[in-house]
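Here's the structure, in C-alpha cells; my notes come after.
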Amino acid sequence: MLEVSGLTTTYGAIAALRDAHLTVGEGEVVGLIGPNGAGKTTLLGSIAGLLPISSGTISFDGSDITSTAPEKILRSGLALVPEHRRIFSDMTVEENLKIGGVIRKASERAEMLEEMAELFPVLRDKWDTAAGYMSGGEAQQLAIARALMSKPKLIMMDEPSLGLAPILVDLVFELLETLRSQGRTILVVEQNATRMLEVADRAYVLRSGEIVADGTGQELLARSDLFDTFVGG
Amino acid sequence: MFPNARRDIAFPVIGSLVLFAVLFGGGMIYQTILGNGSAERLVTTMLVDAIIVIGIQIYIGNTGILSFGHIGFGAIAGYVFAVYAISPEEKLKRIPSAPFGLSDIQVSPALAIAIAVGVTLVFAFIVGIGLARSGAQSGSVAATVITLALLFVTHEVAKSWPELTGGNRGGIAFGIGESLKGRTPILAALFAALLVARIYGQSRSGKLAIAAREDNLAARAMGVNPLVQQMIALLISVAVVSVGSSLRVWQIGSILPDRFFFDYAMLTLVMLIVGGRNSVTGAVLGVAVMTAARELARRLGQDGFEIFGIGLDEAPLDWVFRENLNSVVLGLAMVAFMIWRSSGILEDWEFDQWLYQKIGRGQEVEPQRLAELDSVPETIFAASGINVSFGGFKALTDAGITAAGGEIVGIIGPNGAGKTTFVNVITGMVEPTEGRFSIDGADLSGKPAFELSRNGLVRTFQNLRLFGSLSVRENIEVSALVANEHRADRTIRDVDSLMAEAGLWEHRDRRARELDYGNSRRLELARAAAMAPSFMLLDEPTSGMSDSESLTMIEQVRHMAATVGAGVIVIDHDLGFITGISDRIYVFDQGQVIADGTPAEVQANPHVQAAYLGSAAIT
Amino acid sequence: MSELLQNLIDGLGRGSIYALLALGVAVVFGIMHLLNFAHGELITIPGYLTYWAFNNGWNWWTVVPLIVVSAVITSLIIERVAFSRVRGASDFTLLLTSFGVHFIVSAGFLLYVSASVKPYPRPTWFAKTLAVGSLNIEVFDLVVIAVTVVVLAGTTWLLQRTMFGLALRAAAADFDAARLMGVKSDSVIRGAFALSGFLAGIAGVFWIMREGQVTPTAGINPMLQGVLAALIGGLGSLRGAVLGGLALGLAEVLLRSWLPVGIQNLTTGFVFVMIALLFIFRPGGLLSVPQVERV
C-alpha cells in the first residue's frame, strides 16, 4: 500500500535520513522504532509531504506521491498524527474534529463525528471545550480522532505516547489494539520499543538516519544486538 | 574594539576611499560628457542621497530591522537645520512668530548641522527605547510599524505646525545666494559617512549587532545584549542621516513636509535594497543603479525624447513612456527584487573585505595545538528544587543537579522526561515556578540569557544556531569580543588557536552556513569555548550524528573543555555517548531526577532501565 | 455629559471603519505573517472606480456594490501577482513586497490618471444630523456603526460556523497542521485575501463617501490606520484588531475635543505619542498573543 524507496532527507547540511526503504501492506500495523534523533519524525514528515526530500520515491495506493503537497497526500487517503499532536488549541473539540473531516461531505462528516464520539467517550464529555484545556492523554485521543475523521486508508502516528503518564501510555496502546482489530492500516513511530513490538505486525529500526533492521516484533525482540539501540545506546 | 587592525581599520579606510572615488568619479564623468546644469544637479542629488542611504544602511544592514523612520529623523534634522541656518530676514517672511524665539536666531551652517544632529539624536534615543521595548529584532514587524508611525508623526507635525515649519505649502527657504554652492561639504560628508559605516561594521559593536541580526537567540547566548547594540547602531545611523538630510535641505535651499515623506523613504529604501542592504558597497551600488534607472525612466517619459532616432511620443509604446514613469520604476524594482533576489545585487559582499582576502592578509600559519590547562579554577554550578508547571501540567518536580569546575556531567532521560525544560530553565528561556540555580553561590535564576553567559554558563543549541552569513572566524570572534569584556578573569584562548583546535582551520574564511554538519557542530563548540566559560552546556551535541562521529565528538568535547578549563553539562538522548563522556550522570524521567551517579552505577539501576524500556521491562 | 456622548458616537463611527480595516489586516497577517502595507490600495482602486462611475452616470446605489466587489477582486489580484510569489519568505521580504505593491499602484495612478484630486459627489444624506435631545448625531456615523455591527456579526458567523471559517482559523493557528487535515493552502490563503478585501470594501464604501475625492496616495491613511489598529490590538488577534480600531477612533475624537484650541491640529501627532506609550508599557498590544520562542 505504502512503498518508500531510497528516501533521503536533509536539513541544510544535516542528512537526517539516508536511503530509507520501507513498505506497509494493507491491514498491517507497522512500527518504526529507534532512539531520539534517529530520523523517525523526519521519515514520517517526508512521507506526509511536510519536508522537502532530497532523493527517493514514495508511492501510495499505486500512485506516486513523491514531493506532493501535504493536503493532496491527505486527500489520497494517507493521514498523519503529527509529533506533539499539534491540535488547534483555541478551537473546541468539535471544531478540531470537523477540521479533520474537512475533505468529507457535510453529511459524512456528521456521521463521522458521531462515530468518534462513540469511539472516544472522553471527547464527547469535552465536546465544546477549547482543546487547549485538555490533558495530554485527551489531546492525544483528539489528535488521533481528528486524523480518523478524514477516513484515511493508512494512518501514520508520530510518538502517540510521548509525554504521557504510564497509565495513559497504556491507554494509547489499547487504542492501537482497537484500531488494529478494526483492520486499519497503521504506521507508528514509537520510542517505547518493547511495547510497540508487542502490538506491531512488523517493525523497522532506525538509527542515525538509517534503517538498520526490520522484521516481525518477535524477531526483533529476540535480537540482543539491538537492545542497545532500544535503550538509546 | 577591533580584532584585527589591518582588516578592520586599514582596509575599510582604503575601501571607503575607493567607493568614494568610484561614485564621485562616475558622477563627474557623466556630468562632463553631458555638460549641462541638469546633469550636474543630478550628480549632486545622487551624492546627497548616497549619504542618507549609507546612514540607513548602518541601521537596517547591521540589525536587520526594516525602518521607514529614518526619513522621519531626516525631517527632524532638516527642519532644525533650516530653522537655525536660515537668516532672520528670510524667516520673518515665512515664520515671523516661531516659538522659542527661533525667528531671530542665525548660526553658521556647520553649527546648524551640529545642532540638527544633536536634537535628532535625542529623538532617536527615545524612539530607540520604544523599539527596544517592542522586542525589536531582525525582521520584526512591530518595530517596522513603529518606524513607519514615526515617519507619519514627523510629517503630520511638520504640516500642522506652520509657526515653526512654514506649513504644508510655503515651507521655509533660504534667501537667494544663501543655499549651498559647490559640493565641498557634501563630498566631505559622503566620505565621512562611508568611513563611519565601514568602520562601525567592522567594530566590536557592529559585529555584535550583526551576530544578533543573524541569530538573536544565539547572540544572547553568547553574552550579547542585542538591544544595546541596536541602540548604538540606531544612534550612529541617525547621526549620519541627520547630516545628509541637513545637506539635502541646504543644497535644495528649502524644506517642505513632503520632501521627507513616503516617496523619499521609498526611494532611499529601494536604493538600499537593490544594491544589497547588508553591505555598504551594496548601498553605494544601489544609489548609482537606481539614480541611473530613474533618470533613464524620467527621460524616456519626457515628451519629445528620442532613442536611436525614433521618437517615443509617436511610438506605440506611448502608454508606457510617460511622465512619472520613474516612480513606477521604483515600485517595480522593489517588488521584483523581493521576489527574485531579496538580498540585493551584492548580498553582503563588501569590497574592502574582498580586497583584504585577496591582497591584505599575507601568509597565515596554522597555530600550534593548545595545551590543556594544568589547574582548573575551582567553581561550582548548582541547581536545586526546580519546579516548572505549564498550566496544570507539571513539567519538572524538584529537579536539581550540581557540577564542579572541570567535571563532565551528563543528563539523560527518555523523550518527554523534562530534560529540555530543565535546559530551558538554566539557560534563562523558561522561568521556573520555584527553585534557583547559581554559580559559586551567585544566584542566576531569572537573569536574561546574556547575563548567564557573561557569568560563565555558556550553551550550545540542539538544532545548530550559528551566525550564518559570518565566516567561521567571525563566529568565534563574536564570543571572543564578549569574553574580553566580561570574562577577563579567566583564561581566554585566542580565536585562531580555537579554530585550529576544532579542526576548522582550513574552513576559517567560509561562511558558517556553508559548513557541513560535523563542522557546524564543532564550530558551535569552539564558539562556546571562546567565551571562556566556567561551564559549557551542550544541548544534544550528537543529534543527527553517526556513531563514529559521536565517538570523535567525545574526545573533542573533553579536550576543548580542558583547554579553557570549563566544566561541561551535557544533555543527550544517546546513552552510549553520555556514558562515554560523563564523570557523573543524572537520569530524568517524568520531570524528576530518578537516579544519579557514575555511568556504571546508573546503567545498573533498574529504574533507569524501566524508564527506557517501558514498564514491561521490570516485570 | 452630552458632549462626551456625542464624542463617543463620533469616535465609534470613526473607529468602526478602522476596525474593519484592521480586521482585514489581521486576517491576512494571521494566515501568512504578512503585514500588508498594500491594504490601502483596496480603497484607492475602488476610489478611482467610484470617480469613473459617477462620470458615467452611476449613482450610489450601484457604486456601493462596485466598491465592495472591486475591493475583493483587487485583493485577490494582488495576492496572485505579488504575494503568492513570496509565500514563506522572511518577514523583511514580505514587508517590503507589500510596500512595493503600494508604491506601484499609487505610481500607476500618477502615471495613467494624474496627480490631481478627482472629486465625486457625496451621498445626499451625508451631512444630515439627527437631533436627539441635546445631541446632534450624524446620520453617517449611525449608518457606519450599524453596518459595521452587521458585518462583524456576519464575519463572526463565518469564522465560527462555516467550514471555511474553521479552516481559516486552523491555518492561522498552525498552517502545516491544517494542511495535514487536507485544508488546501491555496484556497485558504485566497479565502483570507477575499475576506480581507471584503472587509476593506465595506470600510472603503464609507471612507470613499467621507472623502468625496480620490488621489493616487489616498490609500496611505486607511492603510496606516488599519495597520496601527491591528498592532494596537495585538498582531495576530482578530478580536484585538476590532478593539484596536475602536480604540484608535475614540482616541482621535476624544483627544481632538480635549486638546486646547491652539494645538488641535496636532491631534494625529498626539495619537501617535499615545500609541508609542502603549507599546512601551504593553509591547504586545491590548490583547497580546503570547510569542513562544523556539529553540
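As shown in the C-alpha cells, the chain order sets the letters A, B, ...; within each chain, residues go from 1, and ligands are also counted from 1 in the order they appear.
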
At a cut-off of 12 Å, which residues of chain C touch chain A? Count only C-alpha atoms and give the answer as an NGL selection string.
:C and (159-188 or 237 or 289)

Find the residues around segment 265-274 of chain C up to 8 Å (only C-alpha atoms counted), leave out those fewer than 4 positions away in its own chain, and share them as a short mmCIF file (atom, residue, chain, number, x, y, z; two decimals) with N, CA and C atoms, in the first residue's frame.
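Result file out_17.cif:
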```cif
data_model
loop_
_atom_site.label_atom_id
_atom_site.label_comp_id
_atom_site.auth_asym_id
_atom_site.auth_seq_id
_atom_site.Cartn_x
_atom_site.Cartn_y
_atom_site.Cartn_z
N ALA B 149 5.23 54.73 11.85
CA ALA B 149 4.44 55.72 12.58
C ALA B 149 5.26 56.98 12.81
N LEU B 150 6.54 56.79 13.11
CA LEU B 150 7.41 57.96 13.31
C LEU B 150 7.44 58.84 12.07
N VAL B 153 4.26 60.74 12.03
CA VAL B 153 4.18 61.79 13.05
C VAL B 153 4.96 63.01 12.61
N THR B 154 6.20 62.81 12.17
CA THR B 154 7.00 63.97 11.79
C THR B 154 6.32 64.71 10.65
N GLU B 156 3.07 64.77 9.93
CA GLU B 156 1.88 65.46 10.46
C GLU B 156 2.27 66.74 11.18
N VAL B 157 3.26 66.60 12.07
CA VAL B 157 3.67 67.76 12.86
C VAL B 157 4.20 68.84 11.94
N SER B 160 1.24 70.50 10.40
CA SER B 160 0.28 71.21 11.25
C SER B 160 0.91 72.16 12.25
N TRP B 161 2.17 72.48 12.07
CA TRP B 161 2.81 73.43 12.97
C TRP B 161 3.45 74.56 12.16
N LEU C 248 -8.64 53.32 18.53
CA LEU C 248 -7.97 54.36 17.75
C LEU C 248 -8.95 55.46 17.37
N ALA C 251 -9.86 57.47 20.49
CA ALA C 251 -8.74 58.28 20.93
C ALA C 251 -8.64 59.54 20.08
N GLU C 252 -8.80 59.37 18.78
CA GLU C 252 -8.70 60.53 17.89
C GLU C 252 -9.73 61.59 18.25
N LEU C 255 -9.36 63.05 21.91
CA LEU C 255 -8.19 63.93 22.02
C LEU C 255 -8.48 65.27 21.37
N ARG C 256 -9.10 65.21 20.19
CA ARG C 256 -9.35 66.46 19.48
C ARG C 256 -10.23 67.38 20.33
N LEU C 259 -7.98 68.61 23.54
CA LEU C 259 -6.79 69.43 23.35
C LEU C 259 -7.18 70.90 23.29
N LEU C 278 1.67 53.26 24.62
CA LEU C 278 1.04 51.94 24.78
C LEU C 278 2.07 50.83 24.52
#
```

Residues of chain C within 9 Å of chain B, counting only C-alpha atoms, what are they? List them as JSON, numbers by chain.
{"C": [34, 35, 82, 83, 85, 86, 90, 91, 92, 93, 94, 95, 96, 97, 98, 99, 100, 101, 102, 103, 104, 105, 106, 107, 108, 110, 111, 112, 224, 227, 228, 231, 235, 263, 265, 266, 268, 269, 270, 272, 273, 276, 277, 279, 280, 281, 282, 283, 284, 293, 295]}

Run DSSP on the backbone and grab whatever in segment 1-231 of chain A lands in strand (DSSP E); send it over as a PDB file with N, CA and C atoms, in the first residue's frame.
```
ATOM      1  N   LEU A   2       1.796   1.302   0.983  1.00  0.00           N
ATOM      2  CA  LEU A   2       2.758   2.402   1.005  1.00  0.00           C
ATOM      3  C   LEU A   2       4.135   1.828   0.695  1.00  0.00           C
ATOM      4  N   GLU A   3       4.820   2.467  -0.233  1.00  0.00           N
ATOM      5  CA  GLU A   3       6.137   1.978  -0.588  1.00  0.00           C
ATOM      6  C   GLU A   3       7.116   3.134  -0.661  1.00  0.00           C
ATOM      7  N   VAL A   4       8.116   3.093   0.209  1.00  0.00           N
ATOM      8  CA  VAL A   4       9.115   4.150   0.251  1.00  0.00           C
ATOM      9  C   VAL A   4      10.421   3.540  -0.200  1.00  0.00           C
ATOM     10  N   SER A   5      11.081   4.151  -1.186  1.00  0.00           N
ATOM     11  CA  SER A   5      12.379   3.587  -1.550  1.00  0.00           C
ATOM     12  C   SER A   5      13.432   4.663  -1.770  1.00  0.00           C
ATOM     13  N   GLY A   6      14.582   4.415  -1.195  1.00  0.00           N
ATOM     14  CA  GLY A   6      15.753   5.288  -1.356  1.00  0.00           C
ATOM     15  C   GLY A   6      15.548   6.701  -0.857  1.00  0.00           C
ATOM     16  N   LEU A   7      14.742   6.855   0.186  1.00  0.00           N
ATOM     17  CA  LEU A   7      14.397   8.201   0.644  1.00  0.00           C
ATOM     18  C   LEU A   7      15.541   8.839   1.430  1.00  0.00           C
ATOM     19  N   THR A   8      15.965  10.031   0.994  1.00  0.00           N
ATOM     20  CA  THR A   8      16.977  10.802   1.708  1.00  0.00           C
ATOM     21  C   THR A   8      16.427  12.200   1.937  1.00  0.00           C
ATOM     22  N   THR A   9      16.514  12.661   3.184  1.00  0.00           N
ATOM     23  CA  THR A   9      16.031  13.999   3.500  1.00  0.00           C
ATOM     24  C   THR A   9      17.121  14.738   4.254  1.00  0.00           C
ATOM     25  N   THR A  10      17.396  15.966   3.848  1.00  0.00           N
ATOM     26  CA  THR A  10      18.433  16.739   4.528  1.00  0.00           C
ATOM     27  C   THR A  10      17.867  18.056   5.032  1.00  0.00           C
ATOM     28  N   TYR A  11      18.350  18.461   6.207  1.00  0.00           N
ATOM     29  CA  TYR A  11      18.068  19.816   6.705  1.00  0.00           C
ATOM     30  C   TYR A  11      19.356  20.590   6.550  1.00  0.00           C
ATOM     31  N   ILE A  14      22.495  18.804   7.322  1.00  0.00           N
ATOM     32  CA  ILE A  14      22.258  17.581   8.070  1.00  0.00           C
ATOM     33  C   ILE A  14      21.487  16.563   7.237  1.00  0.00           C
ATOM     34  N   ALA A  15      22.058  15.404   7.019  1.00  0.00           N
ATOM     35  CA  ALA A  15      21.293  14.342   6.375  1.00  0.00           C
ATOM     36  C   ALA A  15      20.550  13.615   7.479  1.00  0.00           C
ATOM     37  N   ALA A  16      19.273  13.959   7.660  1.00  0.00           N
ATOM     38  CA  ALA A  16      18.524  13.406   8.781  1.00  0.00           C
ATOM     39  C   ALA A  16      18.055  11.994   8.474  1.00  0.00           C
ATOM     40  N   LEU A  17      18.013  11.682   7.192  1.00  0.00           N
ATOM     41  CA  LEU A  17      17.511  10.382   6.787  1.00  0.00           C
ATOM     42  C   LEU A  17      18.289   9.963   5.542  1.00  0.00           C
ATOM     43  N   ARG A  18      18.838   8.753   5.556  1.00  0.00           N
ATOM     44  CA  ARG A  18      19.634   8.326   4.413  1.00  0.00           C
ATOM     45  C   ARG A  18      19.096   7.029   3.821  1.00  0.00           C
ATOM     46  N   ASP A  19      18.712   7.081   2.558  1.00  0.00           N
ATOM     47  CA  ASP A  19      18.404   5.901   1.767  1.00  0.00           C
ATOM     48  C   ASP A  19      17.463   4.934   2.496  1.00  0.00           C
ATOM     49  N   ALA A  20      16.313   5.438   2.894  1.00  0.00           N
ATOM     50  CA  ALA A  20      15.390   4.592   3.652  1.00  0.00           C
ATOM     51  C   ALA A  20      14.445   3.834   2.722  1.00  0.00           C
ATOM     52  N   HIS A  21      14.268   2.545   2.977  1.00  0.00           N
ATOM     53  CA  HIS A  21      13.309   1.715   2.246  1.00  0.00           C
ATOM     54  C   HIS A  21      12.297   1.179   3.243  1.00  0.00           C
ATOM     55  N   LEU A  22      11.044   1.223   2.879  1.00  0.00           N
ATOM     56  CA  LEU A  22      10.012   0.798   3.828  1.00  0.00           C
ATOM     57  C   LEU A  22       8.725   0.493   3.074  1.00  0.00           C
ATOM     58  N   THR A  23       8.025  -0.568   3.499  1.00  0.00           N
ATOM     59  CA  THR A  23       6.721  -0.825   2.896  1.00  0.00           C
ATOM     60  C   THR A  23       5.703  -1.094   4.001  1.00  0.00           C
ATOM     61  N   VAL A  24       4.465  -0.741   3.711  1.00  0.00           N
ATOM     62  CA  VAL A  24       3.361  -1.068   4.607  1.00  0.00           C
ATOM     63  C   VAL A  24       2.275  -1.685   3.748  1.00  0.00           C
ATOM     64  N   VAL A  29      -0.114  -3.376  10.832  1.00  0.00           N
ATOM     65  CA  VAL A  29       0.321  -2.374  11.791  1.00  0.00           C
ATOM     66  C   VAL A  29       1.847  -2.453  11.824  1.00  0.00           C
ATOM     67  N   VAL A  30       2.474  -1.400  11.378  1.00  0.00           N
ATOM     68  CA  VAL A  30       3.929  -1.402  11.269  1.00  0.00           C
ATOM     69  C   VAL A  30       4.512  -0.391  12.246  1.00  0.00           C
ATOM     70  N   GLY A  31       5.522  -0.804  12.986  1.00  0.00           N
ATOM     71  CA  GLY A  31       6.171   0.088  13.940  1.00  0.00           C
ATOM     72  C   GLY A  31       7.478   0.628  13.379  1.00  0.00           C
ATOM     73  N   LEU A  32       7.846   1.788  13.869  1.00  0.00           N
ATOM     74  CA  LEU A  32       9.097   2.412  13.457  1.00  0.00           C
ATOM     75  C   LEU A  32       9.751   2.830  14.759  1.00  0.00           C
ATOM     76  N   ILE A  33      10.834   2.127  15.159  1.00  0.00           N
ATOM     77  CA  ILE A  33      11.403   2.416  16.467  1.00  0.00           C
ATOM     78  C   ILE A  33      12.848   2.836  16.339  1.00  0.00           C
ATOM     79  N   SER A  55      16.108  12.917  -2.265  1.00  0.00           N
ATOM     80  CA  SER A  55      16.009  11.913  -3.328  1.00  0.00           C
ATOM     81  C   SER A  55      15.169  10.749  -2.832  1.00  0.00           C
ATOM     82  N   GLY A  56      14.803   9.885  -3.761  1.00  0.00           N
ATOM     83  CA  GLY A  56      13.980   8.736  -3.417  1.00  0.00           C
ATOM     84  C   GLY A  56      12.554   8.911  -3.914  1.00  0.00           C
ATOM     85  N   THR A  57      11.768   7.825  -3.820  1.00  0.00           N
ATOM     86  CA  THR A  57      10.381   7.915  -4.261  1.00  0.00           C
ATOM     87  C   THR A  57       9.454   7.355  -3.189  1.00  0.00           C
ATOM     88  N   ILE A  58       8.255   7.880  -3.176  1.00  0.00           N
ATOM     89  CA  ILE A  58       7.228   7.397  -2.257  1.00  0.00           C
ATOM     90  C   ILE A  58       5.997   7.116  -3.103  1.00  0.00           C
ATOM     91  N   SER A  59       5.451   5.900  -3.009  1.00  0.00           N
ATOM     92  CA  SER A  59       4.197   5.679  -3.722  1.00  0.00           C
ATOM     93  C   SER A  59       3.174   5.138  -2.743  1.00  0.00           C
ATOM     94  N   PHE A  60       1.928   5.551  -2.958  1.00  0.00           N
ATOM     95  CA  PHE A  60       0.868   5.178  -2.044  1.00  0.00           C
ATOM     96  C   PHE A  60      -0.337   4.728  -2.859  1.00  0.00           C
ATOM     97  N   SER A  63      -0.144   5.089  -6.618  1.00  0.00           N
ATOM     98  CA  SER A  63       0.257   6.303  -7.339  1.00  0.00           C
ATOM     99  C   SER A  63       1.439   6.977  -6.639  1.00  0.00           C
ATOM    100  N   ASP A  64       2.231   7.679  -7.444  1.00  0.00           N
ATOM    101  CA  ASP A  64       3.437   8.323  -6.946  1.00  0.00           C
ATOM    102  C   ASP A  64       3.065   9.582  -6.174  1.00  0.00           C
ATOM    103  N   LEU A  78      -3.918   9.233   3.014  1.00  0.00           N
ATOM    104  CA  LEU A  78      -2.795   8.971   3.918  1.00  0.00           C
ATOM    105  C   LEU A  78      -2.750  10.076   4.966  1.00  0.00           C
ATOM    106  N   ALA A  79      -3.093   9.756   6.208  1.00  0.00           N
ATOM    107  CA  ALA A  79      -3.169  10.787   7.248  1.00  0.00           C
ATOM    108  C   ALA A  79      -2.005  10.659   8.217  1.00  0.00           C
ATOM    109  N   LEU A  80      -1.614  11.783   8.801  1.00  0.00           N
ATOM    110  CA  LEU A  80      -0.529  11.782   9.795  1.00  0.00           C
ATOM    111  C   LEU A  80      -1.026  12.428  11.085  1.00  0.00           C
ATOM    112  N   VAL A  81      -0.806  11.755  12.196  1.00  0.00           N
ATOM    113  CA  VAL A  81      -0.997  12.376  13.504  1.00  0.00           C
ATOM    114  C   VAL A  81       0.378  12.906  13.883  1.00  0.00           C
ATOM    115  N   LEU A 154      -4.656   4.803   5.305  1.00  0.00           N
ATOM    116  CA  LEU A 154      -3.500   4.495   6.152  1.00  0.00           C
ATOM    117  C   LEU A 154      -3.306   5.666   7.100  1.00  0.00           C
ATOM    118  N   ILE A 155      -3.080   5.339   8.371  1.00  0.00           N
ATOM    119  CA  ILE A 155      -2.861   6.426   9.329  1.00  0.00           C
ATOM    120  C   ILE A 155      -1.465   6.285   9.936  1.00  0.00           C
ATOM    121  N   MET A 156      -0.733   7.401   9.916  1.00  0.00           N
ATOM    122  CA  MET A 156       0.617   7.393  10.494  1.00  0.00           C
ATOM    123  C   MET A 156       0.559   8.162  11.812  1.00  0.00           C
ATOM    124  N   MET A 157       1.220   7.649  12.838  1.00  0.00           N
ATOM    125  CA  MET A 157       1.228   8.334  14.138  1.00  0.00           C
ATOM    126  C   MET A 157       2.657   8.554  14.587  1.00  0.00           C
ATOM    127  N   ASP A 158       2.932   9.781  15.014  1.00  0.00           N
ATOM    128  CA  ASP A 158       4.281  10.094  15.457  1.00  0.00           C
ATOM    129  C   ASP A 158       4.315  10.180  16.980  1.00  0.00           C
ATOM    130  N   THR A 185      -4.968   0.149   8.610  1.00  0.00           N
ATOM    131  CA  THR A 185      -3.549   0.115   8.292  1.00  0.00           C
ATOM    132  C   THR A 185      -2.864   1.255   9.042  1.00  0.00           C
ATOM    133  N   ILE A 186      -1.810   0.919   9.804  1.00  0.00           N
ATOM    134  CA  ILE A 186      -1.209   1.940  10.672  1.00  0.00           C
ATOM    135  C   ILE A 186       0.315   1.860  10.613  1.00  0.00           C
ATOM    136  N   LEU A 187       0.933   3.029  10.588  1.00  0.00           N
ATOM    137  CA  LEU A 187       2.389   3.109  10.694  1.00  0.00           C
ATOM    138  C   LEU A 187       2.675   3.984  11.912  1.00  0.00           C
ATOM    139  N   VAL A 188       3.318   3.405  12.935  1.00  0.00           N
ATOM    140  CA  VAL A 188       3.505   4.138  14.189  1.00  0.00           C
ATOM    141  C   VAL A 188       4.981   4.314  14.507  1.00  0.00           C
ATOM    142  N   VAL A 189       5.338   5.548  14.853  1.00  0.00           N
ATOM    143  CA  VAL A 189       6.663   5.804  15.370  1.00  0.00           C
ATOM    144  C   VAL A 189       6.586   5.719  16.881  1.00  0.00           C
ATOM    145  N   GLU A 190       7.470   4.959  17.490  1.00  0.00           N
ATOM    146  CA  GLU A 190       7.461   4.890  18.952  1.00  0.00           C
ATOM    147  C   GLU A 190       8.866   4.811  19.511  1.00  0.00           C
ATOM    148  N   ARG A 202       4.867  -5.882  12.061  1.00  0.00           N
ATOM    149  CA  ARG A 202       6.267  -5.795  11.658  1.00  0.00           C
ATOM    150  C   ARG A 202       6.819  -4.484  12.176  1.00  0.00           C
ATOM    151  N   ALA A 203       8.140  -4.361  12.189  1.00  0.00           N
ATOM    152  CA  ALA A 203       8.718  -3.093  12.611  1.00  0.00           C
ATOM    153  C   ALA A 203      10.045  -2.840  11.902  1.00  0.00           C
ATOM    154  N   TYR A 204      10.381  -1.569  11.817  1.00  0.00           N
ATOM    155  CA  TYR A 204      11.682  -1.165  11.296  1.00  0.00           C
ATOM    156  C   TYR A 204      12.437  -0.482  12.428  1.00  0.00           C
ATOM    157  N   VAL A 205      13.747  -0.658  12.450  1.00  0.00           N
ATOM    158  CA  VAL A 205      14.558   0.004  13.456  1.00  0.00           C
ATOM    159  C   VAL A 205      15.412   1.057  12.771  1.00  0.00           C
ATOM    160  N   LEU A 206      15.247   2.290  13.219  1.00  0.00           N
ATOM    161  CA  LEU A 206      16.012   3.400  12.654  1.00  0.00           C
ATOM    162  C   LEU A 206      17.107   3.792  13.626  1.00  0.00           C
ATOM    163  N   ARG A 207      18.250   4.150  13.065  1.00  0.00           N
ATOM    164  CA  ARG A 207      19.329   4.606  13.915  1.00  0.00           C
ATOM    165  C   ARG A 207      20.198   5.562  13.113  1.00  0.00           C
ATOM    166  N   GLU A 210      19.415   5.907   9.478  1.00  0.00           N
ATOM    167  CA  GLU A 210      19.390   4.758   8.588  1.00  0.00           C
ATOM    168  C   GLU A 210      18.539   3.645   9.176  1.00  0.00           C
ATOM    169  N   ILE A 211      17.892   2.890   8.298  1.00  0.00           N
ATOM    170  CA  ILE A 211      17.141   1.732   8.769  1.00  0.00           C
ATOM    171  C   ILE A 211      18.137   0.590   8.942  1.00  0.00           C
ATOM    172  N   VAL A 212      18.282   0.113  10.198  1.00  0.00           N
ATOM    173  CA  VAL A 212      19.324  -0.880  10.463  1.00  0.00           C
ATOM    174  C   VAL A 212      18.765  -2.289  10.618  1.00  0.00           C
ATOM    175  N   ALA A 213      17.461  -2.403  10.799  1.00  0.00           N
ATOM    176  CA  ALA A 213      16.892  -3.750  10.930  1.00  0.00           C
ATOM    177  C   ALA A 213      15.405  -3.702  10.650  1.00  0.00           C
ATOM    178  N   ASP A 214      14.859  -4.815  10.239  1.00  0.00           N
ATOM    179  CA  ASP A 214      13.410  -4.905  10.166  1.00  0.00           C
ATOM    180  C   ASP A 214      12.983  -6.353  10.329  1.00  0.00           C
ATOM    181  N   GLY A 215      11.724  -6.561  10.644  1.00  0.00           N
ATOM    182  CA  GLY A 215      11.241  -7.922  10.862  1.00  0.00           C
ATOM    183  C   GLY A 215       9.983  -7.881  11.709  1.00  0.00           C
ATOM    184  N   THR A 216       9.489  -9.060  12.092  1.00  0.00           N
ATOM    185  CA  THR A 216       8.311  -9.079  12.945  1.00  0.00           C
ATOM    186  C   THR A 216       8.731  -8.696  14.362  1.00  0.00           C
TER     187      THR A 216
END
```

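Among the candidates B:Glu89, B:Asp489, B:Glu524, B:Glu501, the one nearest to Ala219 of chain B when counting only C-alpha atoms is B:Glu524.
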
Run DSSP on the backbone of this structure and report the residues of segment 118-194 of chain A it assigns to helix (DSSP H, G or I), as a ChimeraX atom specification.
/A:118-119,121-125,131-133,136-148,166-181,193-194

Between A:Glu28, A:Glu174, A:Glu111, A:Glu159, which has the minimum distance to chain B (counting only C-alpha atoms)?
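Among A:Glu28, A:Glu174, A:Glu111, A:Glu159, it is A:Glu159 that comes nearest to chain B.
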
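Atom pair atom CA of Ile208 of chain C / atom CA of Glu41 of chain C: separated by 12.2 Å.
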
Between atom CA of Phe467 of chain B and atom CA of Ala528 of chain B, distance in Å (one decimal)
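Pair atom CA of Phe467 of chain B / atom CA of Ala528 of chain B returns 12.8 Å.
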
Find the distance between atom CA of Gly576 of chain B and atom CA of Ala532 of chain B and write it in Å to one decimal.
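Atom CA of Ala532 of chain B lies at a distance of 27.8 Å from atom CA of Gly576 of chain B.
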
Please provide the set of residues having any atom within 9 Å of segment 377-385 of chain B, restricted to only C-alpha atoms, with same-chain residues fewer than 5 positions apart removed, written as number ranges by chain.
B: 397-406, 426, 434-441, 457, 490, 534-535, 565-567

Close residues, Ile578 of chain B itself excluded, 8 Å, only C-alpha atoms, min 6 positions apart in chain, as a PyMOL selection string:
chain B and resi 410-412+570-572+585

Compare A:Met112, A:Ser54, A:Val93, A:Pro166 by their minimum atom-to-atom distance to Glu138 of chain A, counting only C-alpha atoms, and give me the closest one.
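Smallest separation from Glu138 of chain A among the options: A:Val93.
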
Report as JSON, numbers by chain all protein, DNA and RNA residues lying within 12 Å of Phe120 of chain A, evaluated on only C-alpha atoms, omitting residues in the same chain fewer than 3 positions from it.
{"A": [93, 97, 112, 113, 114, 115, 116, 117, 123, 124, 125, 126, 127, 137, 138, 139, 140, 141, 142, 143, 144, 145, 146, 148, 171, 172, 175, 178, 179]}

Identify which of the residues B:His559, B:Arg521, B:Arg487, B:Arg294 lies closest to chain A, counting only C-alpha atoms when measuring atom-to-atom distances.
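Between B:His559, B:Arg521, B:Arg487, B:Arg294, the residue approaching chain A most closely is B:Arg521.
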
Measuring atom to atom with only C-alpha atoms, identify which of B:Ala561, B:Ala5, B:Leu538, B:Ala417 is nearest to chain A.
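Checking each of B:Ala561, B:Ala5, B:Leu538, B:Ala417 against chain A, counting only C-alpha atoms, the winner is B:Ala417.
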
So that I can see what lies close to segment 475-477 of chain B, please list as an MDAnalysis selection string the residues with an atom at most 8 Å from it, counting only C-alpha atoms and leaving out residues fewer than 4 positions away in the same chain.
chainID B and resid 3 211 466:467 470:471 481 495 499 512 523 526:527 530
